[in-house]
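Engineer: One file is attached below, structure11.cif, containing mmCIF, C-alpha atoms.
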```cif
data_final
loop_
_atom_site.label_atom_id
_atom_site.label_comp_id
_atom_site.auth_asym_id
_atom_site.auth_seq_id
_atom_site.Cartn_x
_atom_site.Cartn_y
_atom_site.Cartn_z
CA MET N 1 112.56 136.11 110.59
CA ALA N 2 109.99 133.57 109.47
CA GLY N 3 106.28 134.10 109.08
CA LEU N 4 103.70 134.55 106.34
CA THR N 5 105.22 134.91 102.86
CA ASP N 6 104.13 134.35 99.27
CA GLU N 7 105.51 130.82 99.57
CA GLY N 8 103.49 129.98 102.70
CA PHE N 9 103.92 130.11 106.46
CA THR N 10 107.11 129.08 108.27
CA ALA N 11 107.25 129.20 112.06
CA ASP N 12 110.39 130.23 113.91
CA THR N 13 111.88 127.52 116.11
CA LEU N 14 112.28 127.88 119.87
CA SER N 15 116.05 128.32 119.57
CA GLU N 16 115.68 131.03 116.89
CA ILE N 17 113.16 132.96 118.98
CA GLN N 18 115.27 132.72 122.13
CA ALA N 19 118.45 133.77 120.31
CA ARG N 20 116.69 136.78 118.79
CA ILE N 21 115.29 137.93 122.17
CA GLU N 22 118.64 137.45 123.89
CA GLY N 23 120.40 139.38 121.11
CA ARG N 24 118.10 142.37 121.44
CA LEU N 25 118.42 142.38 125.22
CA LYS N 26 122.21 142.37 124.85
CA VAL N 27 121.96 145.44 122.62
CA TYR N 28 119.81 147.16 125.24
CA ASP N 29 122.07 146.12 128.15
CA PRO N 30 125.42 144.52 127.23
CA GLU N 31 125.98 143.55 130.88
CA ILE N 32 122.70 141.67 131.33
CA ASP N 33 123.11 138.17 132.76
CA LEU N 34 121.18 135.69 130.57
CA ASP N 35 122.68 132.54 132.02
CA PRO N 36 119.92 129.85 132.19
CA ALA N 37 120.31 129.79 135.99
CA SER N 38 119.83 133.56 136.36
CA PRO N 39 116.39 135.20 136.88
CA ASP N 40 116.63 137.09 133.56
CA GLY N 41 117.77 133.94 131.74
CA GLN N 42 114.85 131.98 133.15
CA ASN N 43 112.40 134.74 132.18
CA VAL N 44 113.74 134.73 128.61
CA SER N 45 113.41 130.93 128.43
CA ILE N 46 109.81 131.01 129.67
CA PHE N 47 108.82 133.87 127.37
CA SER N 48 110.56 132.26 124.37
CA PHE N 49 108.72 129.00 124.94
CA GLU N 50 105.34 130.77 125.05
CA VAL N 51 106.13 132.73 121.86
CA ALA N 52 107.26 129.52 120.10
CA THR N 53 104.00 127.84 121.10
CA LEU N 54 102.10 130.80 119.63
CA TRP N 55 104.05 130.48 116.38
CA GLN N 56 103.11 126.80 116.15
CA GLN N 57 99.45 127.63 116.70
CA LEU N 58 99.58 130.32 114.00
CA GLY N 59 101.04 127.72 111.64
CA MET N 60 98.13 125.37 112.39
CA VAL N 61 95.66 128.19 111.71
CA TYR N 62 97.34 128.94 108.38
CA ASN N 63 97.27 125.24 107.38
CA SER N 64 93.69 124.64 108.52
CA TYR N 65 92.62 124.69 104.86
CA ASN N 66 94.90 121.74 103.99
CA PRO N 67 93.45 118.29 104.83
CA ASP N 68 96.96 116.76 104.77
CA ILE N 69 98.10 119.03 107.62
CA ALA N 70 94.97 120.26 109.43
CA SER N 71 94.05 118.57 112.71
CA GLY N 72 91.25 118.59 115.21
CA LYS N 73 88.25 120.76 114.40
CA GLY N 74 89.97 122.23 111.35
CA LEU N 75 90.35 118.79 109.76
CA ARG N 76 86.73 117.92 110.52
CA ASN N 77 85.52 121.18 108.98
CA VAL N 78 87.52 120.55 105.79
CA GLY N 79 85.94 117.11 105.56
CA LEU N 80 82.45 118.49 106.08
CA LEU N 81 82.93 120.75 103.04
CA THR N 82 82.78 117.54 100.99
CA GLY N 83 80.03 115.97 103.10
CA ILE N 84 82.23 113.56 105.08
CA PRO N 85 81.59 113.61 108.86
CA PHE N 86 84.31 112.38 111.24
CA GLY N 87 83.83 108.72 112.19
CA SER N 88 83.16 108.69 115.93
CA ALA N 89 83.31 105.55 118.02
CA SER N 90 80.08 103.52 118.13
CA ARG N 91 78.67 101.29 120.85
CA SER N 92 77.99 97.57 120.76
CA SER N 93 74.34 96.58 121.08
CA VAL N 94 72.52 93.34 121.79
CA ASN N 95 68.94 92.09 122.01
CA LEU N 96 68.23 90.41 125.38
CA ALA N 97 65.26 88.36 126.48
CA LEU N 98 64.20 89.44 129.98
CA GLY N 99 62.46 87.02 132.32
CA GLY N 100 60.87 86.99 135.74
CA THR N 101 57.45 87.64 137.24
CA GLY N 102 54.90 88.27 134.48
CA GLY N 103 53.70 91.87 134.28
CA THR N 104 56.79 93.36 135.92
CA VAL N 105 57.88 96.56 134.15
CA ILE N 106 61.62 96.99 133.56
CA PRO N 107 62.37 100.73 133.20
CA LYS N 108 64.33 102.22 130.32
CA GLY N 109 67.99 102.65 131.29
CA SER N 110 68.18 99.58 133.51
CA ILE N 111 71.69 98.11 133.65
CA VAL N 112 72.98 94.59 133.02
CA ALA N 113 76.61 93.44 132.85
CA ASP N 114 78.23 90.66 130.85
CA GLN N 115 80.72 88.11 132.17
CA ASP N 116 83.62 90.51 131.47
CA GLY N 117 82.07 93.35 133.46
CA ASN N 118 80.94 95.42 130.45
CA GLU N 119 77.69 97.20 131.28
CA TYR N 120 74.69 97.71 128.99
CA SER N 121 71.61 99.91 129.30
CA THR N 122 68.10 98.93 128.17
CA SER N 123 66.94 101.16 125.30
CA PHE N 124 63.27 101.22 126.29
CA ALA N 125 60.90 99.99 128.99
CA VAL N 126 59.62 96.44 128.67
CA THR N 127 56.97 94.37 130.45
CA LEU N 128 58.01 90.83 131.47
CA PRO N 129 58.31 88.49 129.75
CA GLY N 130 59.76 90.46 126.86
CA SER N 131 62.89 91.52 125.02
CA THR N 132 64.73 94.79 124.54
CA GLU N 133 67.77 96.23 122.87
CA CYS N 134 70.63 96.91 125.28
CA VAL N 135 73.46 99.31 124.35
CA ALA N 136 76.97 99.22 125.84
CA LEU N 137 77.78 102.15 128.11
CA GLN N 138 81.37 102.15 126.82
CA ALA N 139 81.96 102.94 123.14
CA GLY N 140 84.13 100.60 121.10
CA PRO N 141 84.17 97.03 119.76
CA ILE N 142 82.94 95.15 122.84
CA PRO N 143 82.22 91.49 121.85
CA VAL N 144 78.51 90.62 121.92
CA THR N 145 78.42 86.97 120.90
CA ALA N 146 75.50 84.70 121.71
CA ALA N 147 77.73 82.94 124.26
CA ASN N 148 77.67 85.98 126.60
CA THR N 149 76.02 85.69 130.01
CA TYR N 150 74.52 88.63 131.90
CA THR N 151 74.08 89.75 135.48
CA ILE N 152 71.33 92.16 136.49
CA LYS N 153 72.79 95.32 138.04
CA THR N 154 69.62 97.41 138.41
CA VAL N 155 67.50 95.81 141.11
CA VAL N 156 63.84 95.49 140.01
CA PRO N 157 61.65 93.16 142.14
CA GLY N 158 60.41 90.34 139.91
CA TRP N 159 63.20 90.67 137.31
CA THR N 160 65.42 87.58 137.47
CA THR N 161 67.04 86.82 134.09
CA ALA N 162 68.60 88.43 131.00
CA THR N 163 69.60 86.03 128.23
CA GLN N 164 71.03 86.32 124.72
CA SER N 165 70.27 83.90 121.88
CA VAL N 166 71.87 85.58 118.81
CA ASP N 167 74.99 87.65 118.20
CA GLY N 168 74.66 91.38 118.74
CA THR N 169 76.08 94.28 116.72
CA LEU N 170 79.74 95.05 117.36
CA GLY N 171 80.66 98.67 118.07
CA GLY N 172 83.54 100.43 116.37
CA ILE N 173 86.50 102.57 117.36
CA ALA N 174 86.81 106.22 116.37
CA GLN N 175 88.77 107.10 113.25
CA THR N 176 92.28 108.40 113.64
CA PRO N 177 93.06 111.74 111.95
CA GLN N 178 95.08 109.94 109.25
CA GLN N 179 92.23 107.50 108.54
CA TYR N 180 89.87 110.46 108.24
CA ARG N 181 92.24 112.21 105.84
CA ASN N 182 92.38 109.07 103.72
CA LEU N 183 88.59 108.77 103.76
CA ARG N 184 88.11 112.41 102.80
CA ASN N 185 90.71 112.27 100.00
CA ARG N 186 89.27 109.09 98.51
CA THR N 187 85.60 110.03 98.72
CA VAL N 188 85.97 113.40 97.01
CA MET N 189 85.98 111.26 93.85
CA ARG N 190 82.37 110.23 94.33
CA ASN N 191 81.11 113.03 92.08
CA SER N 192 83.53 112.02 89.33
CA SER N 193 82.19 111.03 85.94
CA SER N 194 84.27 107.83 86.01
CA VAL N 195 82.22 104.76 86.92
CA ALA N 196 85.25 103.11 88.53
CA ASP N 197 85.99 106.19 90.68
CA VAL N 198 82.37 106.50 91.79
CA VAL N 199 82.06 102.83 92.76
CA ALA N 200 85.44 102.83 94.56
CA SER N 201 84.67 105.98 96.55
CA ARG N 202 81.23 104.72 97.57
CA LEU N 203 82.77 101.46 98.81
CA TYR N 204 85.43 103.41 100.68
CA GLU N 205 82.76 105.56 102.30
CA LEU N 206 81.00 102.33 103.34
CA GLY N 207 84.14 101.45 105.31
CA LEU N 208 86.09 99.32 102.85
CA GLU N 209 89.58 100.81 102.85
CA GLN N 210 90.90 98.31 100.30
CA ALA N 211 88.80 98.32 97.15
CA SER N 212 89.98 98.10 93.55
CA VAL N 213 87.56 98.76 90.69
CA VAL N 214 88.57 98.02 87.08
CA ASN N 215 86.24 99.21 84.33
CA ASN N 216 86.71 97.47 80.98
CA ASP N 217 84.94 99.90 78.67
CA SER N 218 86.13 98.06 75.57
CA SER N 219 83.42 96.32 73.57
CA VAL N 220 85.77 93.64 72.19
CA ASP N 221 88.95 93.24 74.28
CA THR N 222 89.39 91.23 77.49
CA LEU N 223 91.73 92.77 80.08
CA PRO N 224 94.86 90.89 81.30
CA ASP N 225 93.14 90.11 84.62
CA GLY N 226 90.33 88.37 82.72
CA THR N 227 87.70 91.13 82.91
CA PRO N 228 85.41 90.69 79.86
CA PRO N 229 84.37 93.61 77.63
CA ASN N 230 81.89 96.08 79.13
CA ASN N 231 82.26 94.66 82.66
CA LEU N 232 83.33 95.96 86.07
CA HIS N 233 85.81 93.88 88.07
CA ILE N 234 85.71 94.73 91.78
CA THR N 235 88.23 93.29 94.23
CA LEU N 236 87.78 93.92 97.96
CA GLY N 237 90.10 93.58 100.91
CA GLU N 238 89.13 93.18 104.56
CA TYR N 239 85.52 94.17 105.26
CA SER N 240 84.64 93.09 108.80
CA GLY N 241 81.58 94.90 110.12
CA VAL N 242 80.07 95.24 106.63
CA THR N 243 77.81 92.57 105.16
CA GLN N 244 78.07 91.24 101.62
CA GLU N 245 74.51 92.46 101.04
CA GLN N 246 75.55 96.04 101.93
CA ILE N 247 78.53 95.75 99.58
CA ALA N 248 76.40 94.45 96.71
CA LEU N 249 73.74 97.13 97.20
CA THR N 250 76.38 99.89 97.28
CA ILE N 251 77.89 98.58 94.02
CA LEU N 252 74.45 98.33 92.41
CA GLU N 253 73.51 101.90 93.31
CA ALA N 254 76.85 103.34 92.15
CA LYS N 255 77.60 101.49 88.93
CA GLY N 256 74.48 102.03 86.83
CA LEU N 257 72.10 99.32 85.64
CA ALA N 258 73.69 98.80 82.23
CA CYS N 259 77.12 97.86 83.61
CA PRO N 260 77.49 94.17 84.59
CA THR N 261 79.97 92.96 87.20
CA TRP N 262 82.47 90.11 86.91
CA SER N 263 84.64 88.04 89.25
CA VAL N 264 87.43 85.55 88.60
CA GLY N 265 85.23 82.68 89.74
CA LYS N 266 82.17 83.81 87.79
CA ASP N 267 82.84 81.46 84.89
CA ALA N 268 83.83 78.57 87.17
CA SER N 269 81.48 75.87 88.40
CA ASN N 270 81.17 77.47 91.85
CA GLY N 271 79.74 80.66 90.36
CA GLY N 272 82.28 82.98 91.97
CA THR N 273 81.58 85.44 94.79
CA TRP N 274 78.21 87.09 94.41
CA LYS N 275 75.16 88.39 96.24
CA GLU N 276 71.65 89.07 94.97
CA VAL N 277 70.04 92.37 95.95
CA GLU N 278 66.96 94.27 94.84
CA ASP N 279 66.84 97.76 93.35
CA ASN N 280 64.19 100.34 94.32
CA GLN N 281 61.78 98.77 91.82
CA GLY N 282 62.05 95.35 93.43
CA VAL N 283 64.10 93.87 90.57
CA THR N 284 66.76 91.36 91.67
CA HIS N 285 70.37 91.84 90.53
CA ARG N 286 73.32 89.49 90.98
CA ILE N 287 76.48 91.43 91.90
CA TYR N 288 79.89 89.75 91.51
CA PHE N 289 83.11 90.70 93.30
CA ASP N 290 86.39 89.10 94.41
CA GLU N 291 87.93 88.94 97.88
CA ALA N 292 91.64 89.75 98.14
CA GLN N 293 94.14 88.29 100.60
CA PRO N 294 96.15 90.41 103.08
CA VAL N 295 99.91 90.93 102.75
CA GLU N 296 101.55 91.92 106.05
CA ILE N 297 103.96 94.83 105.62
CA HIS N 298 106.95 95.40 107.93
CA VAL N 299 108.66 98.80 108.12
CA GLY N 300 112.00 99.85 109.59
CA MET N 301 113.53 103.32 109.67
CA SER N 302 116.22 105.47 111.25
CA ILE N 303 115.25 109.11 111.76
CA THR N 304 116.49 112.37 113.26
CA PHE N 305 114.10 114.94 114.70
CA LEU N 306 114.83 118.51 113.62
CA ASP N 307 112.28 119.99 116.05
CA GLU N 308 113.32 120.24 119.69
CA ASP N 309 109.80 119.35 120.80
CA TYR N 310 109.09 115.85 119.48
CA ALA N 311 107.39 114.24 122.47
CA GLY N 312 105.10 111.44 121.26
CA ALA N 313 106.28 111.81 117.65
CA VAL N 314 107.55 108.21 117.40
CA GLU N 315 104.13 106.82 118.32
CA GLN N 316 102.43 109.28 115.96
CA ILE N 317 104.70 108.26 113.08
CA LYS N 318 103.98 104.57 113.65
CA GLN N 319 100.24 105.16 113.67
CA ALA N 320 100.33 107.44 110.60
CA VAL N 321 102.43 104.94 108.60
CA ALA N 322 100.14 102.04 109.56
CA ASP N 323 97.03 104.07 108.69
CA ASP N 324 98.48 105.10 105.34
CA ILE N 325 99.45 101.56 104.32
CA ASN N 326 96.10 100.18 105.47
CA SER N 327 94.35 102.68 103.19
CA TYR N 328 95.99 101.39 99.99
CA LEU N 329 93.71 99.93 97.36
CA THR N 330 93.64 96.25 96.56
CA GLY N 331 96.46 95.58 94.12
CA GLU N 332 98.23 98.84 95.01
CA ASP N 333 102.00 98.46 95.52
CA VAL N 334 103.61 99.78 98.72
CA ASP N 335 105.96 102.52 97.50
CA TRP N 336 108.65 103.23 100.11
CA SER N 337 109.20 106.80 98.90
CA ARG N 338 105.53 107.63 99.46
CA LEU N 339 106.03 107.20 103.21
CA PHE N 340 108.43 110.17 103.45
CA GLY N 341 105.53 112.64 103.35
CA VAL N 342 103.72 110.74 106.10
CA ILE N 343 106.78 110.66 108.39
CA THR N 344 108.22 114.17 108.14
CA GLN N 345 105.16 116.01 109.48
CA PHE N 346 105.82 114.77 113.04
CA GLY N 347 108.62 116.58 114.90
CA LYS N 348 110.09 117.54 111.52
CA ALA N 349 111.43 113.99 111.29
CA SER N 350 114.22 113.48 108.75
CA ILE N 351 115.11 110.06 107.34
CA ASP N 352 118.78 109.33 108.03
CA ILE N 353 121.17 108.70 105.14
CA ALA N 354 123.95 106.08 105.34
CA THR N 355 126.44 105.84 102.43
CA PHE N 356 123.93 107.67 100.22
CA VAL N 357 121.16 105.21 101.09
CA PRO N 358 118.02 106.51 102.89
CA GLN N 359 117.40 104.42 106.00
CA LEU N 360 113.77 103.52 105.30
CA PHE N 361 112.99 99.91 104.45
CA ILE N 362 109.80 97.94 103.84
CA SER N 363 109.19 94.24 103.33
CA ASN N 364 106.44 91.61 103.21
CA THR N 365 108.47 89.49 105.66
CA ALA N 366 109.80 90.16 109.15
CA THR N 367 113.33 90.31 107.70
CA LEU N 368 113.90 93.78 106.29
CA PRO N 369 116.13 94.33 103.22
CA THR N 370 119.39 96.27 103.37
CA THR N 371 118.46 98.54 100.46
CA PRO N 372 115.22 100.51 99.95
CA GLY N 373 112.63 99.11 97.59
CA ASN N 374 108.93 98.72 96.96
CA VAL N 375 106.67 95.79 97.84
CA SER N 376 104.64 94.49 94.90
CA ILE N 377 100.99 93.67 95.58
CA SER N 378 99.04 91.53 93.11
CA SER N 379 95.50 92.26 91.89
CA PHE N 380 94.13 89.82 94.46
CA GLU N 381 96.08 91.06 97.48
CA TYR N 382 96.04 94.13 99.71
CA ALA N 383 98.63 95.60 102.04
CA THR N 384 98.05 95.61 105.78
CA CYS N 385 100.26 96.97 108.56
CA SER N 386 100.20 97.12 112.36
CA VAL N 387 102.11 99.56 114.57
CA ASP N 388 103.78 96.47 116.06
CA ASP N 389 105.32 95.78 112.63
CA ILE N 390 107.07 99.18 112.52
CA ASP N 391 110.52 99.65 114.05
CA ILE N 392 111.92 103.18 114.52
CA THR N 393 115.48 104.07 115.58
CA VAL N 394 115.98 107.69 116.65
CA SER N 395 119.44 109.18 116.00
CA ASN N 396 120.94 111.95 118.08
#
```
Any chance you could give the structure as structure tokens?
Structural biologist:
Amino acid sequence: MAGLTDEGFTADTLSEIQARIEGRLKVYDPEIDLDPASPDGQNVSIFSFEVATLWQQLGMVYNSYNPDIASGKGLRNVGLLTGIPFGSASRSSVNLALGGTGGTVIPKGSIVADQDGNEYSTSFAVTLPGSTECVALQAGPIPVTAANTYTIKTVVPGWTTATQSVDGTLGGIAQTPQQYRNLRNRTVMRNSSSVADVVASRLYELGLEQASVVNNDSSVDTLPDGTPPNNLHITLGEYSGVTQEQIALTILEAKGLACPTWSVGKDASNGGTWKEVEDNQGVTHRIYFDEAQPVEIHVGMSITFLDEDYAGAVEQIKQAVADDINSYLTGEDVDWSRLFGVITQFGKASIDIATFVPQLFISNTATLPTTPGNVSISSFEYATCSVDDIDITVSN
């Protein structure tokens, strides 16, 4: 019988629980009819299922301390121990100029809709003519470009127009549990004494999932990637939704004032990639960094589920694998064996073996190899993966 041991907690499966209950009932009454179609057989099946569900919940309680396994509120609480709140979805916002009869007061909470039917609420009351911030009623990345047109939904006599002249602020989607795990695991380094770890974790906390920081602490030697002595070389992947000024300020605050930054283009005629920002004393600093290019990763696998209850596990595996690959640092290779730990936690999935070869393949092209192997990522690239690029075959 499974349960809590010195080695951890192992839950009994539904079939084990049902077999144990049926065996004890047979001892009590050898003539009892436990056929699945009989009343007693149905009662045993129902009771076994409820007990198995309880076992699974007890396992989740036991693992609530482990950020790699915990889910829901337990995962959020583990993250909060290190000061990392769960990333909820945010709403798009836009500044609209309101027109109509002068002196008309437009109440706070008045509704307008864009050409796609997305509705926005005014953040505060405004007297015409005037402008106000309007926030989308629906959370998520609703486009708010200057090309949008708006229809007034809340009828206010004298209010006739709502127009947009500049792009608004795009909302964001909520983090998935795997993204939150990656964020929590990376940002626990922010109290490290290593300059590179501190800078990388601060950038990751800013929302940059692909960030590589190389610290050349030598006073004489230049690194193979060209980083001069006593310089930081920072390479960033995709950073939509974050401005270069925010990136530069985050680097400035994390690296220390006596540590200069360097980029590949810094010594070239174009000056490289850089932004100037001010510290809290008003002194201007030029921060250099490089921008990496994405490498699309394709994944194929054949798996067998060892748990009888694996509803939705295929979709969960795809999302977890994509989230894991998208969290890799710039220049970090995609190691196929690393994905085993991501896959097996859903429905107790097991990678199939064919002629001693595990059936898990990755590639940087749509054509997958016939033997497992890693995908090399250069210092100026980062791995990216979509659930549409992952193919899963389930074996019986």
Engineer: What would the selection look like, as a list in words, if the PyMOL selection byres ((chain N and resi 298-308) around 7) were run on the coordinates I just shared?
Structural biologist: Glu296, Ile297, Asp309, Tyr310, Gly347, Lys348, Ala349, Ser350, Ile351, Asp352, Gln359, Leu360, Phe361, Ile362, Ser363, Asn364, Thr365, Ala366, Cys385, Asp389, Ile390, Asp391, Ile392, Thr393, Val394, Ser395 and Asn396 of chain N
Engineer: Only C-alpha atoms, please: the residues just picked out, written as a tab-separated table (two decimals), keeping the file's coordinate frame.
Structural biologist:
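Result written to selection-v8.tsv:
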```
chain	number	residue	atom	x	y	z
N	296	GLU	CA	101.55	91.92	106.05
N	297	ILE	CA	103.96	94.83	105.62
N	309	ASP	CA	109.80	119.35	120.80
N	310	TYR	CA	109.09	115.85	119.48
N	347	GLY	CA	108.62	116.58	114.90
N	348	LYS	CA	110.09	117.54	111.52
N	349	ALA	CA	111.43	113.99	111.29
N	350	SER	CA	114.22	113.48	108.75
N	351	ILE	CA	115.11	110.06	107.34
N	352	ASP	CA	118.78	109.33	108.03
N	359	GLN	CA	117.40	104.42	106.00
N	360	LEU	CA	113.77	103.52	105.30
N	361	PHE	CA	112.99	99.91	104.45
N	362	ILE	CA	109.80	97.94	103.84
N	363	SER	CA	109.19	94.24	103.33
N	364	ASN	CA	106.44	91.61	103.21
N	365	THR	CA	108.47	89.49	105.66
N	366	ALA	CA	109.80	90.16	109.15
N	385	CYS	CA	100.26	96.97	108.56
N	389	ASP	CA	105.32	95.78	112.63
N	390	ILE	CA	107.07	99.18	112.52
N	391	ASP	CA	110.52	99.65	114.05
N	392	ILE	CA	111.92	103.18	114.52
N	393	THR	CA	115.48	104.07	115.58
N	394	VAL	CA	115.98	107.69	116.65
N	395	SER	CA	119.44	109.18	116.00
N	396	ASN	CA	120.94	111.95	118.08
```
Engineer: Tell me, as a list in words, which residues lie within 8 Å of Val214 (chain N), counting all atoms listed in the file; anything in the same chain fewer than 3 positions away does not count.
Structural biologist: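 Non-adjacent residues within range: Ala196, Leu232, His233 and Ile234 of chain N.
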Engineer: Which residues, named as in the file, does the PyMOL selection byres ((chain N and resi 145) around 9) pick out? Answer as a ChimeraX atom specification.
Structural biologist: /N:94,143-144,146-148,164-170
Engineer: With C-alpha atoms kept, could you save the residues just selected as a short mmCIF file (atom, residue, chain, number, x, y, z; two decimals), keeping the file's coordinate frame?
Structural biologist:
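Once everything was written out, this is selection26.cif:
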```cif
data_model
loop_
_atom_site.label_atom_id
_atom_site.label_comp_id
_atom_site.auth_asym_id
_atom_site.auth_seq_id
_atom_site.Cartn_x
_atom_site.Cartn_y
_atom_site.Cartn_z
CA VAL N 94 72.52 93.34 121.79
CA PRO N 143 82.22 91.49 121.85
CA VAL N 144 78.51 90.62 121.92
CA ALA N 146 75.50 84.70 121.71
CA ALA N 147 77.73 82.94 124.26
CA ASN N 148 77.67 85.98 126.60
CA GLN N 164 71.03 86.32 124.72
CA SER N 165 70.27 83.90 121.88
CA VAL N 166 71.87 85.58 118.81
CA ASP N 167 74.99 87.65 118.20
CA GLY N 168 74.66 91.38 118.74
CA THR N 169 76.08 94.28 116.72
CA LEU N 170 79.74 95.05 117.36
#
```
Engineer: Counting only C-alpha atoms, find the residues whose atoms lie at most 8 Å from (60.7, 90.5, 134.2) (file coordinates) and write them out as a VMD selection string.
Structural biologist: chain N and resid 98 to 106 127 to 130 158 to 161
Engineer: Can you tell me how far CA of Thr53 (chain N) sits from CA of Thr10 (chain N), in Å to one decimal?
Structural biologist: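 Value for the CA of Thr53 (chain N)-CA of Thr10 (chain N) distance: 13.3 Å.
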Engineer: Translate the PyMOL selection byres ((chain N and resi 206) around 10), as applied to the file shown, into an explicit residue set as a ChimeraX atom specification.
Structural biologist: /N:183,200-205,207-209,239,242,246-247,250
Engineer: Counting all atoms listed in the file, which residue out of N:Asp12, N:Glu245, N:Glu133, N:Asp225 sits closest to Ser92 (chain N)?
Structural biologist: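 Of N:Asp12, N:Glu245, N:Glu133, N:Asp225, the one nearest Ser92 (chain N) is N:Glu133, counting all atoms listed in the file.
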Engineer: In Å, with one decimal, what is the gap from CA of Ser263 (chain N) to CA of Tyr288 (chain N)?
Structural biologist: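 It comes out at 5.5 Å.
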Engineer: Enter the distance from CA of Arg91 (chain N) to CA of Gly241 (chain N), in Å, rounded to one decimal.
Structural biologist: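 One can read the CA of Arg91 (chain N) to CA of Gly241 (chain N) distance as 12.8 Å.
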